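Since the structure comes first, as structure tokens, the remarks are kept for the end.
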Amino acid sequence: MIKATKIQKSFGKTQVLNGISMNVEAGETVVMIGPSGCGKTTFLRCLNGLETIDSGSVQVGDLQMQSGVNPSPLTLKLLRIRLGMVFQQFQLFPHFTVLQNIMEAPRHVNFMARHEAQELAMELLKKMNLEDKAKSKPRELSGGQQQRVAIARALAMKPQALLFDEPTSALDPRMTGEIGSLIRDLARDGLSILVVTHDMGFARRVADRVCVFDKGAIAEEGEPESVFKNPQSNALKDLLTETRY
Ligand SMILES: Nc1ncnc2c1ncn2[C@@H]1O[C@H](COP(=O)(O)OP(=O)(O)OP(=O)(O)O)[C@@H](O)[C@H]1O
Ligand SMILES: [Mg+2]
């Protein structure tokens with residue numbers, strides 16, 4: 001579903017991504033971990049065309065982005081519909097209600113009729129257990145509720161994959177658990193899921209595969225059980241020591 005091949009990316013003289021290749025299949029959840037500044041967010045941004053890539057290619061279903069070729073506006077639009085992105089700070093529109101937040105993209109990107117968009121939004125809110133919050137403003141919700149609205153908003157575009165950048169960093173353990181089971185449900189529905197997190201317990205619970213990033217490269221990858229039980233790279237050994245406080 002997502003196929004990134006030898007992605008390189010520099011900002012000025014600093015090389016941030018050093019030829020990263022990664023595939024994520026439909027229904028698969030890949031979790032990226034790694035020290036701060038190693039390029040995780042940059043990698044997600046390259047996948048959905050928020051950053052241009054210096055070399056390599058990104059393929060999402062039948063859409064292709066190649067370094068040196070500017071993707072057409074249509075390719076970018078379709079790419080962003082297929083790859084829903086959920087950010088750490090939710091980035092909901094503060095002056096919109098929950099319902100309006102979810103209806104916005106279907107209405108204005110997909111030109112969906114109002115009643116249809118509203119029906120879809122209510123259906124998603126029901127799935128997120130948030131029907132009673134439809135008329136609330138984001139600031140009236142807890143962090144976990146806002147995160148679920150952000151996920152509903154991404155799902156409203158019927159993406160084939162979801163990219164999460166530190167989805168649980170603002171959440172307490174119970175909310176983190178809820179987001180974890182939600183992610184597993186979405187994967188079971190066939191979505192490809194790529195999650196960046198600093199929470200090793202969360203990584204272990206949701207991942208089919210863990211990728212350890214270090215200095216813009218993949219230091220090691222594998223099933224969570226074996227990767228966490230028997231870390232090979234210094235990057236992962238350091239991460240595990242740091243989190244064992
Ligand atoms: N727009 C930009 N311009 C210049 N440098 C950037 C830009 N975006 C990121 N960088 C640099 O690229 C490197 C990787 O940043 P990135 O945000 O991808 O790290 P990260 O792995 O997501 O870190 P964290 O875990 O702290 O979120 C950092 O050194 C950062 O300063
Ligand atoms: Mg980041």
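Ordered as shown in the structure tokens, chains take letters A, B, and onward, while each chain numbers its residues from 1 and ligands are numbered from 1 in the order shown.
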Check every protein, DNA and RNA residue against ligand 1, keep those with an atom at most 10 Å away (counting only C-alpha atoms and all ligand atoms), and present them as a ChimeraX atom specification. /A:9-17,32-46,51,88,165-166,196-198,213-216
Near Lys158 of chain A, counting only C-alpha atoms, which residues have an atom at most 9 Å away, once you skip same-chain residues fewer than 5 positions from it, shown as a ChimeraX atom specification? /A:81-82,84
Per-residue DSSP, segment 51-242 of chain A, filtered to strand (DSSP E or B), as a PyMOL selection string: chain A and resi 55-60+63-66+83-86+161-165+192-196+209-214+217-222
If you keep C-alpha atoms, can you produce a file of those selected residues as a PDB file, in the first residue's frame?
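As a result, out_29.pdb now contains:
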ATOM      1  CA  SER A  55      16.002  11.402  -4.155  1.00  0.00           C
ATOM      2  CA  GLY A  56      13.996   8.208  -4.103  1.00  0.00           C
ATOM      3  CA  SER A  57      10.297   7.642  -4.638  1.00  0.00           C
ATOM      4  CA  VAL A  58       7.023   7.248  -2.791  1.00  0.00           C
ATOM      5  CA  GLN A  59       4.268   5.021  -4.076  1.00  0.00           C
ATOM      6  CA  VAL A  60       0.820   4.953  -2.499  1.00  0.00           C
ATOM      7  CA  LEU A  63       0.040   7.089  -7.123  1.00  0.00           C
ATOM      8  CA  GLN A  64       3.717   7.757  -7.550  1.00  0.00           C
ATOM      9  CA  MET A  65       5.977  10.605  -6.447  1.00  0.00           C
ATOM     10  CA  GLN A  66       9.511  10.649  -7.738  1.00  0.00           C
ATOM     11  CA  LEU A  83      -2.899   9.159   3.451  1.00  0.00           C
ATOM     12  CA  GLY A  84      -4.799  10.699   6.324  1.00  0.00           C
ATOM     13  CA  MET A  85      -2.527  12.502   8.761  1.00  0.00           C
ATOM     14  CA  VAL A  86      -3.217  12.844  12.486  1.00  0.00           C
ATOM     15  CA  ALA A 161      -3.674   4.718   5.237  1.00  0.00           C
ATOM     16  CA  LEU A 162      -3.318   6.823   8.368  1.00  0.00           C
ATOM     17  CA  LEU A 163      -0.116   8.490   9.498  1.00  0.00           C
ATOM     18  CA  PHE A 164       0.069   9.356  13.194  1.00  0.00           C
ATOM     19  CA  ASP A 165       2.745  11.642  14.632  1.00  0.00           C
ATOM     20  CA  SER A 192      -2.328   0.732   6.581  1.00  0.00           C
ATOM     21  CA  ILE A 193      -1.114   2.495   9.685  1.00  0.00           C
ATOM     22  CA  LEU A 194       2.169   4.217  10.367  1.00  0.00           C
ATOM     23  CA  VAL A 195       2.685   5.594  13.865  1.00  0.00           C
ATOM     24  CA  VAL A 196       5.536   7.650  15.296  1.00  0.00           C
ATOM     25  CA  ARG A 209       6.409  -4.245  13.033  1.00  0.00           C
ATOM     26  CA  VAL A 210       8.675  -1.788  14.795  1.00  0.00           C
ATOM     27  CA  CYS A 211      11.179   0.342  12.861  1.00  0.00           C
ATOM     28  CA  VAL A 212      13.966   1.918  14.843  1.00  0.00           C
ATOM     29  CA  PHE A 213      15.183   5.144  13.274  1.00  0.00           C
ATOM     30  CA  ASP A 214      18.590   6.556  13.986  1.00  0.00           C
ATOM     31  CA  ALA A 217      18.354   5.569   8.663  1.00  0.00           C
ATOM     32  CA  ILE A 218      16.594   2.439   9.883  1.00  0.00           C
ATOM     33  CA  ALA A 219      18.844   0.925  12.539  1.00  0.00           C
ATOM     34  CA  GLU A 220      16.769  -2.229  12.920  1.00  0.00           C
ATOM     35  CA  GLU A 221      13.234  -3.498  12.448  1.00  0.00           C
ATOM     36  CA  GLY A 222      11.138  -6.496  13.313  1.00  0.00           C
TER      37      GLY A 222
END
Counting only C-alpha atoms, the residue of A:Leu50, A:Val109, A:Leu92, A:Leu191 that sits nearest Val24 of chain A: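 Checking each candidate against Val24 of chain A, we get A:Leu191 as the closest.
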Mind checking DSSP for segment 21-86 of chain A and telling me the alpha helix (DSSP H) residues as a PyMOL selection string? chain A and resi 40-47+73-82
For the selection just defined, write its residues with N, CA and C atoms to a file, as a PDB file, in the first residue's frame.
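Output contents, as saved in again.pdb:
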ATOM      1  N   LYS A  40      11.930  11.326  12.014  1.00  0.00           N
ATOM      2  CA  LYS A  40      10.650  10.606  11.930  1.00  0.00           C
ATOM      3  C   LYS A  40       9.549  11.466  11.330  1.00  0.00           C
ATOM      4  N   THR A  41       9.380  12.674  11.883  1.00  0.00           N
ATOM      5  CA  THR A  41       8.330  13.561  11.375  1.00  0.00           C
ATOM      6  C   THR A  41       8.613  13.945   9.924  1.00  0.00           C
ATOM      7  N   THR A  42       9.875  14.207   9.645  1.00  0.00           N
ATOM      8  CA  THR A  42      10.252  14.560   8.271  1.00  0.00           C
ATOM      9  C   THR A  42       9.859  13.435   7.310  1.00  0.00           C
ATOM     10  N   PHE A  43      10.075  12.196   7.737  1.00  0.00           N
ATOM     11  CA  PHE A  43       9.718  11.059   6.885  1.00  0.00           C
ATOM     12  C   PHE A  43       8.211  11.043   6.604  1.00  0.00           C
ATOM     13  N   LEU A  44       7.396  11.225   7.637  1.00  0.00           N
ATOM     14  CA  LEU A  44       5.937  11.262   7.426  1.00  0.00           C
ATOM     15  C   LEU A  44       5.569  12.391   6.466  1.00  0.00           C
ATOM     16  N   ARG A  45       6.212  13.545   6.650  1.00  0.00           N
ATOM     17  CA  ARG A  45       5.898  14.700   5.797  1.00  0.00           C
ATOM     18  C   ARG A  45       6.302  14.448   4.339  1.00  0.00           C
ATOM     19  N   CYS A  46       7.385  13.704   4.153  1.00  0.00           N
ATOM     20  CA  CYS A  46       7.791  13.349   2.779  1.00  0.00           C
ATOM     21  C   CYS A  46       6.769  12.409   2.141  1.00  0.00           C
ATOM     22  N   LEU A  47       6.217  11.502   2.953  1.00  0.00           N
ATOM     23  CA  LEU A  47       5.264  10.534   2.391  1.00  0.00           C
ATOM     24  C   LEU A  47       4.038  11.219   1.831  1.00  0.00           C
ATOM     25  N   PRO A  73      -0.792  18.979  -8.936  1.00  0.00           N
ATOM     26  CA  PRO A  73      -1.717  19.289  -7.841  1.00  0.00           C
ATOM     27  C   PRO A  73      -2.722  18.163  -7.622  1.00  0.00           C
ATOM     28  N   LEU A  74      -3.137  17.505  -8.695  1.00  0.00           N
ATOM     29  CA  LEU A  74      -4.103  16.416  -8.544  1.00  0.00           C
ATOM     30  C   LEU A  74      -3.473  15.227  -7.816  1.00  0.00           C
ATOM     31  N   THR A  75      -2.232  14.902  -8.182  1.00  0.00           N
ATOM     32  CA  THR A  75      -1.540  13.808  -7.494  1.00  0.00           C
ATOM     33  C   THR A  75      -1.426  14.116  -6.001  1.00  0.00           C
ATOM     34  N   LEU A  76      -1.030  15.357  -5.690  1.00  0.00           N
ATOM     35  CA  LEU A  76      -0.884  15.738  -4.281  1.00  0.00           C
ATOM     36  C   LEU A  76      -2.206  15.648  -3.547  1.00  0.00           C
ATOM     37  N   LYS A  77      -3.262  16.099  -4.222  1.00  0.00           N
ATOM     38  CA  LYS A  77      -4.574  16.074  -3.586  1.00  0.00           C
ATOM     39  C   LYS A  77      -4.997  14.628  -3.304  1.00  0.00           C
ATOM     40  N   LEU A  78      -4.850  13.772  -4.303  1.00  0.00           N
ATOM     41  CA  LEU A  78      -5.242  12.369  -4.127  1.00  0.00           C
ATOM     42  C   LEU A  78      -4.378  11.690  -3.068  1.00  0.00           C
ATOM     43  N   LEU A  79      -3.091  12.039  -3.077  1.00  0.00           N
ATOM     44  CA  LEU A  79      -2.167  11.468  -2.099  1.00  0.00           C
ATOM     45  C   LEU A  79      -2.614  11.802  -0.683  1.00  0.00           C
ATOM     46  N   ARG A  80      -3.009  13.050  -0.489  1.00  0.00           N
ATOM     47  CA  ARG A  80      -3.400  13.471   0.865  1.00  0.00           C
ATOM     48  C   ARG A  80      -4.758  12.922   1.257  1.00  0.00           C
ATOM     49  N   ILE A  81      -5.576  12.585   0.261  1.00  0.00           N
ATOM     50  CA  ILE A  81      -6.838  11.917   0.586  1.00  0.00           C
ATOM     51  C   ILE A  81      -6.549  10.474   1.008  1.00  0.00           C
ATOM     52  N   ARG A  82      -5.623   9.835   0.300  1.00  0.00           N
ATOM     53  CA  ARG A  82      -5.325   8.423   0.627  1.00  0.00           C
ATOM     54  C   ARG A  82      -4.572   8.268   1.928  1.00  0.00           C
TER      55      ARG A  82
END
Could you pull the residues within 7 Å of Glu25 of chain A, counting only C-alpha atoms, minus those fewer than 2 positions along the same chain, as an mmCIF file with C-alpha atoms, in the first residue's frame?
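After the write, out.cif holds the following:
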data_model
loop_
_atom_site.group_PDB
_atom_site.id
_atom_site.type_symbol
_atom_site.label_atom_id
_atom_site.label_comp_id
_atom_site.auth_asym_id
_atom_site.auth_seq_id
_atom_site.Cartn_x
_atom_site.Cartn_y
_atom_site.Cartn_z
ATOM 1 C CA MET A 1 0.000 0.000 0.000
ATOM 2 C CA ILE A 2 2.754 2.506 0.966
ATOM 3 C CA ASN A 23 6.720 -0.715 2.922
ATOM 4 C CA GLY A 27 -3.999 -3.877 7.416
ATOM 5 C CA GLU A 28 -0.471 -3.567 8.761
ATOM 6 C CA SER A 192 -2.328 0.732 6.581
#
Leaving out Ile179 of chain A and any residue of its chain fewer than 4 positions from it, which residues lie within 10 Å of it when counting only C-alpha atoms, given as an MDAnalysis selection string? chainID A and resid 128 144:145 147:148 151 167:168 171 173:175 183:185 202 206
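The nearest approach to ligand 2 among the residues A:Pro71, A:Glu225, A:Thr97, A:Gln89, with only C-alpha atoms and all ligand atoms taken into account, belongs to A:Gln89.
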Taking only C-alpha atoms and all ligand atoms into account, name the residue in A:Gln100, A:Asp54, A:Ile20, A:Phe87 that is nearest to ligand 2. A:Phe87
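Look at segment 93-95 of chain A: the protein and nucleic acid residues within 9 Å of it, using only C-alpha atoms and passing over chain neighbours fewer than 4 places away, are A:Gln100, A:Asn101, A:Lys137, A:Pro138, A:Arg139.
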Selected residues written out, C-alpha atoms, as a PDB file, in the first residue's frame:
ATOM      1  CA  GLN A 100     -18.194  20.952  11.457  1.00  0.00           C
ATOM      2  CA  ASN A 101     -14.571  19.914  11.908  1.00  0.00           C
ATOM      3  CA  LYS A 137     -16.241  23.073  20.425  1.00  0.00           C
ATOM      4  CA  PRO A 138     -12.847  21.324  20.544  1.00  0.00           C
ATOM      5  CA  ARG A 139     -11.774  23.226  23.678  1.00  0.00           C
TER       6      ARG A 139
END
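Each of A:Ile7, A:Ala121, A:Phe111, A:Leu141 was compared to Ser67 of chain A using only C-alpha atoms, and A:Ile7 turns out to be the nearest.
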Write out as a ChimeraX atom specification the residues lying within 12 Å of Glu123 of chain A, counting only C-alpha atoms and excluding same-chain residues fewer than 2 positions away. /A:99,102-103,116-121,125-131,134,152-153,155-156
Kindly indicate which residue among A:Ser169, A:Lys135, A:Asn110, A:Asn18 lies nearest to ligand 2, using only C-alpha atoms and all ligand atoms for the distances. A:Ser169
Nearest to Gly61 of chain A: which of A:Asn234, A:Gln160, A:Gln146, A:Thr5 is it, counting only C-alpha atoms? A:Gln160
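Atom CA of Gly180 of chain A sits 14.5 Å away from atom CA of Ala150 of chain A.
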